[in-house]
file input21.cif (mmCIF, C-alpha atoms)
data_protein
#
loop_
_atom_site.group_PDB
_atom_site.id
_atom_site.type_symbol
_atom_site.label_atom_id
_atom_site.label_comp_id
_atom_site.auth_asym_id
_atom_site.auth_seq_id
_atom_site.Cartn_x
_atom_site.Cartn_y
_atom_site.Cartn_z
ATOM 1 C CA MET A 1 101.025 78.066 123.521
ATOM 2 C CA SER A 2 99.222 74.769 123.945
ATOM 3 C CA GLY A 3 95.620 74.858 125.049
ATOM 4 C CA ILE A 4 92.284 73.118 125.269
ATOM 5 C CA ASN A 5 90.294 74.442 122.341
ATOM 6 C CA GLN A 6 86.999 72.629 122.842
ATOM 7 C CA PRO A 7 84.812 73.539 125.841
ATOM 8 C CA ILE A 8 84.352 70.779 128.396
ATOM 9 C CA SER A 9 80.934 70.674 130.028
ATOM 10 C CA ILE A 10 80.615 69.517 133.640
ATOM 11 C CA GLY A 11 77.183 68.571 135.025
ATOM 12 C CA THR A 12 75.150 71.671 135.812
ATOM 13 C CA ASP A 13 72.640 70.141 138.232
ATOM 14 C CA ASP A 14 74.907 70.983 141.127
ATOM 15 C CA PRO A 15 78.399 72.392 140.358
ATOM 16 C CA GLU A 16 79.415 72.045 144.015
ATOM 17 C CA TYR A 17 78.947 68.286 143.722
ATOM 18 C CA TYR A 18 81.631 68.048 141.043
ATOM 19 C CA ALA A 19 83.824 70.618 142.753
ATOM 20 C CA GLU A 20 83.742 68.430 145.865
ATOM 21 C CA LEU A 21 84.671 65.319 143.865
ATOM 22 C CA PHE A 22 87.580 67.269 142.384
ATOM 23 C CA ARG A 23 88.603 68.528 145.828
ATOM 24 C CA LYS A 24 88.609 65.031 147.331
ATOM 25 C CA ALA A 25 90.706 63.754 144.432
ATOM 26 C CA ARG A 26 93.228 66.538 145.010
ATOM 27 C CA THR A 27 93.437 66.406 148.807
ATOM 28 C CA SER A 28 94.037 62.697 148.933
ATOM 29 C CA ARG A 29 97.611 63.677 148.180
ATOM 30 C CA PRO A 30 99.943 64.656 151.043
ATOM 31 C CA THR A 31 100.513 68.424 151.036
ATOM 32 C CA LEU A 32 103.848 68.725 152.828
ATOM 33 C CA ALA A 33 105.798 70.562 150.135
ATOM 34 C CA ASN A 34 105.748 72.358 146.778
ATOM 35 C CA ARG A 35 103.026 74.870 147.396
ATOM 36 C CA CYS A 36 101.608 76.328 144.199
ATOM 37 C CA LEU A 37 101.171 80.011 143.482
ATOM 38 C CA ARG A 38 97.479 80.858 143.779
ATOM 39 C CA SER A 39 95.485 83.453 141.863
ATOM 40 C CA LYS A 40 91.968 84.259 143.012
ATOM 41 C CA GLU A 41 89.201 84.632 140.441
ATOM 42 C CA ARG A 42 88.622 88.324 139.761
ATOM 43 C CA SER A 43 86.183 88.632 136.870
ATOM 44 C CA CYS A 44 82.816 86.999 137.527
ATOM 45 C CA PRO A 45 79.585 88.944 136.919
ATOM 46 C CA ASP A 46 77.026 88.859 139.722
ATOM 47 C CA LYS A 47 79.585 87.070 141.857
ATOM 48 C CA SER A 48 78.583 85.711 145.220
ATOM 49 C CA GLN A 49 80.580 84.190 148.023
ATOM 50 C CA GLU A 50 79.401 80.718 147.014
ATOM 51 C CA VAL A 51 80.539 81.095 143.399
ATOM 52 C CA ASP A 52 83.848 82.544 144.562
ATOM 53 C CA ARG A 53 84.434 79.575 146.853
ATOM 54 C CA ARG A 54 83.670 77.040 144.120
ATOM 55 C CA LEU A 55 85.932 78.802 141.644
ATOM 56 C CA GLN A 56 88.725 79.039 144.196
ATOM 57 C CA THR A 57 88.419 75.304 144.847
ATOM 58 C CA LEU A 58 88.740 74.735 141.119
ATOM 59 C CA LEU A 59 91.690 77.119 140.726
ATOM 60 C CA ASP A 60 93.617 75.639 143.637
ATOM 61 C CA ALA A 61 93.027 72.100 142.378
ATOM 62 C CA VAL A 62 94.032 72.881 138.792
ATOM 63 C CA ALA A 63 97.165 74.723 139.941
ATOM 64 C CA GLU A 64 98.291 71.707 141.925
ATOM 65 C CA ILE A 65 97.501 68.888 139.496
ATOM 66 C CA SER A 66 99.058 70.760 136.558
ATOM 67 C CA LEU A 67 102.543 70.109 137.967
ATOM 68 C CA CYS A 68 104.527 66.933 137.389
ATOM 69 C CA ARG A 69 108.064 67.673 138.632
ATOM 70 C CA PRO A 70 109.436 68.878 141.993
ATOM 71 C CA GLY A 71 110.414 72.534 141.810
ATOM 72 C CA ASN A 72 107.762 73.414 139.239
ATOM 73 C CA GLY A 73 105.248 76.109 140.108
ATOM 74 C CA SER A 74 102.035 77.262 138.479
ATOM 75 C CA ALA A 75 99.455 79.993 138.898
ATOM 76 C CA THR A 76 95.861 79.935 137.727
ATOM 77 C CA MET A 77 93.245 82.541 136.938
ATOM 78 C CA ALA A 78 89.628 82.214 135.808
ATOM 79 C CA CYS A 79 87.327 84.473 133.829
ATOM 80 C CA SER A 80 83.642 83.560 134.043
ATOM 81 C CA LYS A 81 80.677 84.848 132.082
ATOM 82 C CA VAL A 82 77.078 83.861 131.457
ATOM 83 C CA ASN A 83 76.407 82.680 127.910
ATOM 84 C CA LYS A 84 72.759 81.922 127.054
ATOM 85 C CA GLY A 85 71.964 81.076 130.637
ATOM 86 C CA THR A 86 75.061 78.889 131.180
ATOM 87 C CA LEU A 87 78.006 79.943 133.334
ATOM 88 C CA GLU A 88 81.161 79.477 131.254
ATOM 89 C CA THR A 89 84.576 79.595 132.869
ATOM 90 C CA ARG A 90 87.867 79.993 131.011
ATOM 91 C CA LEU A 91 90.949 78.856 132.910
ATOM 92 C CA TYR A 92 94.441 80.288 132.414
ATOM 93 C CA ILE A 93 97.603 78.581 133.667
ATOM 94 C CA VAL A 94 101.157 79.903 133.730
ATOM 95 C CA PHE A 95 104.285 77.992 134.754
ATOM 96 C CA ASN A 96 107.598 79.027 136.280
ATOM 97 C CA HIS A 97 109.497 77.306 133.489
ATOM 98 C CA LYS A 98 109.632 77.718 129.709
ATOM 99 C CA ASP A 99 107.124 76.287 127.249
ATOM 100 C CA ASP A 100 108.815 72.909 127.334
ATOM 101 C CA GLN A 101 107.519 69.361 127.064
ATOM 102 C CA LEU A 102 106.131 69.438 130.601
ATOM 103 C CA ALA A 103 104.031 72.529 129.889
ATOM 104 C CA ARG A 104 102.826 71.092 126.584
ATOM 105 C CA ARG A 105 101.632 67.900 128.305
ATOM 106 C CA CYS A 106 99.494 69.826 130.766
ATOM 107 C CA PRO A 107 96.476 70.671 128.536
ATOM 108 C CA GLN A 108 96.025 67.044 127.516
ATOM 109 C CA HIS A 109 96.301 65.930 131.142
ATOM 110 C CA LEU A 110 93.745 68.474 132.367
ATOM 111 C CA GLN A 111 91.410 67.678 129.500
ATOM 112 C CA SER A 112 91.458 63.994 130.444
ATOM 113 C CA ILE A 113 90.662 64.860 134.082
ATOM 114 C CA PHE A 114 87.730 67.080 133.142
ATOM 115 C CA GLU A 115 86.469 64.458 130.728
ATOM 116 C CA MET A 116 86.542 61.886 133.532
ATOM 117 C CA LEU A 117 84.628 64.282 135.780
ATOM 118 C CA ARG A 118 82.060 64.859 133.055
ATOM 119 C CA GLN A 119 81.394 61.127 132.910
ATOM 120 C CA VAL A 120 80.623 60.882 136.637
ATOM 121 C CA PRO A 121 76.838 60.543 137.128
ATOM 122 C CA TYR A 122 75.065 63.007 139.360
ATOM 123 C CA LYS A 123 74.110 61.002 142.466
ATOM 124 C CA PRO A 124 74.379 63.227 145.556
ATOM 125 C CA PRO A 125 73.519 61.557 148.863
ATOM 126 C CA PRO A 126 71.211 63.323 151.348
ATOM 127 C CA ALA A 127 72.993 65.723 153.683
ATOM 128 C CA MET A 128 73.675 64.353 157.158
ATOM 129 C CA ASP A 129 73.918 66.485 160.304
ATOM 130 C CA GLY A 130 74.558 69.563 158.199
ATOM 131 C CA SER A 131 77.851 68.097 156.944
ATOM 132 C CA PRO A 132 79.104 68.847 153.430
ATOM 133 C CA LYS A 133 78.278 66.334 150.725
ATOM 134 C CA VAL A 134 80.326 63.158 150.530
ATOM 135 C CA ILE A 135 81.056 60.971 147.543
ATOM 136 C CA PRO A 136 78.520 58.095 147.337
ATOM 137 C CA LYS A 137 79.947 54.609 147.708
ATOM 138 C CA GLU A 138 78.864 53.639 144.196
ATOM 139 C CA LEU A 139 81.121 56.378 142.809
ATOM 140 C CA GLU A 140 84.260 55.251 144.637
ATOM 141 C CA ASN A 141 85.665 53.607 141.496
ATOM 142 C CA ASP A 142 85.340 56.923 139.639
ATOM 143 C CA LEU A 143 87.182 58.708 142.436
ATOM 144 C CA ILE A 144 89.917 56.059 142.492
ATOM 145 C CA GLU A 145 90.475 56.339 138.737
ATOM 146 C CA ILE A 146 90.638 60.147 138.843
ATOM 147 C CA CYS A 147 93.099 60.033 141.753
ATOM 148 C CA ARG A 148 95.196 57.420 139.965
ATOM 149 C CA THR A 149 95.439 59.565 136.831
ATOM 150 C CA ILE A 150 96.492 62.600 138.878
ATOM 151 C CA HIS A 151 99.077 60.687 140.927
ATOM 152 C CA ASN A 152 100.643 58.953 137.934
ATOM 153 C CA TYR A 153 100.958 62.224 135.995
ATOM 154 C CA SER A 154 102.785 63.858 138.903
ATOM 155 C CA PHE A 155 104.463 60.755 140.314
ATOM 156 C CA ASP A 156 107.808 62.527 140.813
ATOM 157 C CA ILE A 157 106.181 65.196 143.012
ATOM 158 C CA PHE A 158 104.236 62.609 144.992
ATOM 159 C CA ALA A 159 107.374 60.500 145.538
ATOM 160 C CA HIS A 160 109.320 63.574 146.656
ATOM 161 C CA ARG A 161 106.643 64.557 149.151
ATOM 162 C CA VAL A 162 106.279 61.174 150.801
ATOM 163 C CA THR A 163 110.026 60.512 151.069
ATOM 164 C CA LYS A 164 111.415 63.940 151.978
ATOM 165 C CA ARG A 165 111.392 63.122 155.716
ATOM 166 C CA GLU A 166 112.198 59.432 155.424
ATOM 167 C CA ARG A 167 115.531 59.803 157.218
ATOM 168 C CA GLU A 168 113.816 61.517 160.160
ATOM 169 C CA LEU A 169 111.116 58.892 160.699
ATOM 170 C CA SER A 170 113.138 56.681 163.040
ATOM 171 C CA ASP A 171 113.934 59.672 165.296
ATOM 172 C CA MET A 172 110.290 60.802 165.226
ATOM 173 C CA ARG A 173 109.147 57.315 166.195
ATOM 174 C CA ARG A 174 111.684 57.122 169.020
ATOM 175 C CA TYR A 175 110.739 60.538 170.439
ATOM 176 C CA ILE A 176 107.035 59.654 170.412
ATOM 177 C CA GLU A 177 107.620 56.235 171.981
ATOM 178 C CA GLN A 178 109.695 57.783 174.781
ATOM 179 C CA ASP A 179 107.264 60.624 175.523
ATOM 180 C CA ARG A 180 105.350 60.297 178.800
ATOM 181 C CA THR A 181 103.957 63.794 179.332
ATOM 182 C CA HIS A 182 102.958 65.579 176.130
ATOM 183 C CA PHE A 183 100.659 63.073 174.396
ATOM 184 C CA THR A 184 97.887 60.940 175.819
ATOM 185 C CA SER A 185 97.932 57.167 175.407
ATOM 186 C CA GLU A 186 95.329 57.436 172.638
ATOM 187 C CA GLN A 187 97.365 60.090 170.829
ATOM 188 C CA HIS A 188 100.471 57.885 171.076
ATOM 189 C CA SER A 189 98.593 55.035 169.402
ATOM 190 C CA THR A 190 97.247 57.329 166.699
ATOM 191 C CA LEU A 191 100.669 58.766 165.860
ATOM 192 C CA MET A 192 102.261 55.307 165.748
ATOM 193 C CA LEU A 193 99.505 54.165 163.364
ATOM 194 C CA PHE A 194 100.207 57.190 161.187
ATOM 195 C CA LEU A 195 103.916 56.335 161.033
ATOM 196 C CA LEU A 196 103.050 52.756 160.027
ATOM 197 C CA HIS A 197 100.907 54.158 157.222
ATOM 198 C CA VAL A 198 103.768 56.409 156.110
ATOM 199 C CA ASP A 199 106.124 53.415 156.024
ATOM 200 C CA ALA A 200 103.656 51.558 153.794
ATOM 201 C CA ILE A 201 103.329 54.544 151.449
ATOM 202 C CA ILE A 202 107.105 54.957 151.162
ATOM 203 C CA LYS A 203 107.562 51.249 150.389
ATOM 204 C CA THR A 204 104.882 51.315 147.688
ATOM 205 C CA VAL A 205 106.381 54.414 146.077
ATOM 206 C CA ALA A 206 109.837 52.789 146.093
ATOM 207 C CA ASP A 207 108.424 49.680 144.393
ATOM 208 C CA ALA A 208 106.804 51.856 141.717
ATOM 209 C CA GLN A 209 109.898 53.919 140.867
ATOM 210 C CA ALA A 210 110.700 51.854 137.775
ATOM 211 C CA THR A 211 107.332 52.378 136.077
ATOM 212 C CA LYS A 212 106.145 55.503 137.913
ATOM 213 C CA GLN A 213 102.665 54.029 137.813
ATOM 214 C CA LEU A 214 100.491 53.398 140.869
ATOM 215 C CA SER A 215 97.814 50.716 140.840
ATOM 216 C CA ALA A 216 94.126 51.248 141.561
ATOM 217 C CA THR A 217 94.550 49.011 144.613
ATOM 218 C CA TYR A 218 97.195 51.321 146.028
ATOM 219 C CA ILE A 219 95.094 54.435 145.357
ATOM 220 C CA ASP A 220 92.181 52.789 147.163
ATOM 221 C CA MET A 221 94.499 52.146 150.112
ATOM 222 C CA LEU A 222 95.672 55.760 150.064
ATOM 223 C CA LEU A 223 92.104 57.086 150.071
ATOM 224 C CA LYS A 224 91.217 54.864 153.021
ATOM 225 C CA MET A 225 94.283 56.127 154.893
ATOM 226 C CA HIS A 226 93.277 59.721 154.161
ATOM 227 C CA SER A 227 89.786 59.045 155.522
ATOM 228 C CA CYS A 228 91.263 57.393 158.611
ATOM 229 C CA TRP A 229 93.627 60.312 159.249
ATOM 230 C CA THR A 230 90.739 62.777 159.051
ATOM 231 C CA LYS A 231 88.617 60.782 161.514
ATOM 232 C CA LEU A 232 91.565 60.590 163.926
ATOM 233 C CA ASN A 233 92.173 64.381 163.748
ATOM 234 C CA LEU A 234 95.482 63.934 161.951
ATOM 235 C CA LEU A 235 94.120 66.066 159.103
ATOM 236 C CA PRO A 236 91.616 68.969 159.187
ATOM 237 C CA LYS A 237 87.944 68.131 158.807
ATOM 238 C CA LEU A 238 86.307 68.694 155.446
ATOM 239 C CA GLU A 239 83.893 71.337 156.730
ATOM 240 C CA ASP A 240 86.814 73.376 158.128
ATOM 241 C CA VAL A 241 88.685 73.180 154.821
ATOM 242 C CA LEU A 242 85.665 74.256 152.790
ATOM 243 C CA ALA A 243 84.816 77.060 155.213
ATOM 244 C CA ASP A 244 88.454 78.249 155.351
ATOM 245 C CA ASN A 245 88.409 78.038 159.157
ATOM 246 C CA ASP A 246 92.173 78.158 159.544
ATOM 247 C CA GLU A 247 91.909 78.602 163.306
ATOM 248 C CA ASP A 248 90.239 75.177 163.552
ATOM 249 C CA TRP A 249 92.944 73.414 161.578
ATOM 250 C CA PHE A 250 95.248 72.632 164.522
ATOM 251 C CA THR A 251 95.365 68.864 164.231
ATOM 252 C CA LEU A 252 97.263 66.161 166.098
ATOM 253 C CA LEU A 253 99.927 66.252 163.373
ATOM 254 C CA ASP A 254 100.279 70.027 163.851
ATOM 255 C CA ASN A 255 100.651 69.383 167.578
ATOM 256 C CA ALA A 256 103.312 66.719 166.987
ATOM 257 C CA GLU A 257 105.234 68.838 164.495
ATOM 258 C CA ARG A 258 105.340 71.834 166.831
ATOM 259 C CA TRP A 259 106.431 69.566 169.691
ATOM 260 C CA LEU A 260 109.256 68.096 167.604
ATOM 261 C CA VAL A 261 110.386 71.543 166.426
ATOM 262 C CA ASP A 262 110.466 72.763 170.029
ATOM 263 C CA GLY A 263 112.828 69.939 170.934
ATOM 264 C CA ALA A 264 110.449 67.138 171.904
#

call {"tool": "encode", "arguments": {"input": "input21.cif", "output": "structure tokens"}}
result
Amino acid sequence: MSGINQPISIGTDDPEYYAELFRKARTSRPTLANRCLRSKERSCPDKSQEVDRRLQTLLDAVAEISLCRPGNGSATMACSKVNKGTLETRLYIVFNHKDDQLARRCPQHLQSIFEMLRQVPYKPPPAMDGSPKVIPKELENDLIEICRTIHNYSFDIFAHRVTKRERELSDMRRYIEQDRTHFTSEQHSTLMLFLLHVDAIIKTVADAQATKQLSATYIDMLLKMHSCWTKLNLLPKLEDVLADNDEDWFTLLDNAERWLVDGA
């Protein structure tokens, strides 16, 4: 079985800072399909809710970015222990397919991601209004490069996710344009903007099919779209995601999807 033999050290000043960078890199990807199998961390001495949450963020992220083909699945587990005052975590990953070339590529891919994280300087901004930490502007290039590496490794999954409803987009647009009772004028504008963004994403993915490589410029555009969608309540807010407040996750996109399912 392939593995990462050398330990990779991530900054210890504030582990949550790096966990948040990792989370933002992961959630910039649409999450419409291919859910991964999750395994919660079970073996951490002196565990607390905060450590559990950080480890679960790590496990969920690793499970998702370890996949590179539609239909693949993975599960992760972590075993943590204190060694000479340092918390060491060993990650285990299993796949739903045999130890083939895809599985053998995974350790190298994950090692490169963790190495990139290790190189990110520790520059947390001051907290604002009690909100969770955000990535400082001067670190945006680091975030873009990490996201680009993740997207290019799993390009086939990303392409599948953003195109799976392509044939339905024209009907969705027509239903929303014709609606006069369910959505407000502002919500109409927001949903039409979202559909324009989706069209741009689909076109970019189609142009990249030959090389299966996405440019840094495109990743920057995708991150800006993700930020815009969050501000417009198309995606759940960061504090709700981190706090696992599922009941607060009903976004405008959830509203639109339920409306379409019910017959528009």

call {"tool": "atom_distance", "arguments": {"input": "input21.cif", "atom1": "CA of Leu195 in chain A", "atom2": "CA of Cys68 in chain A"}}
result
25.9 Å

call {"tool": "residues_around", "arguments": {"input": "input21.cif", "residues": "range 200-207 of chain A", "least_positions_apart": "4", "cutoff": "12 Å", "atoms": "all atoms listed in the file", "output": "NGL selection string"}}
result
:A and (29-30 or 151-152 or 155-167 or 169 or 193-196 or 211-215 or 217-219 or 221-223 or 225-226)

call {"tool": "residues_around", "arguments": {"input": "input21.cif", "residues": "range 176-184 of chain A", "least_positions_apart": "5", "cutoff": "10 Å", "atoms": "all atoms listed in the file", "output": "list of chain:residue names"}}
result
A:Asp171, A:Ser189, A:Thr190, A:Leu191, A:Met192, A:Leu252, A:Asn255, A:Ala256, A:Trp259, A:Leu260, A:Ala264

call {"tool": "resolve_selection", "arguments": {"input": "input21.cif", "expression": "the PyMOL selection byres ((chain A and resi 90) around 6)", "output": "number ranges by chain"}}
result
A: 78-79, 89, 91

call {"tool": "atom_distance", "arguments": {"input": "input21.cif", "atom1": "CA of Leu67 in chain A", "atom2": "CA of Asn233 in chain A"}}
result
28.4 Å

call {"tool": "atom_distance", "arguments": {"input": "input21.cif", "atom1": "CA of Ser227 in chain A", "atom2": "CA of Asp254 in chain A"}}
result
17.3 Å
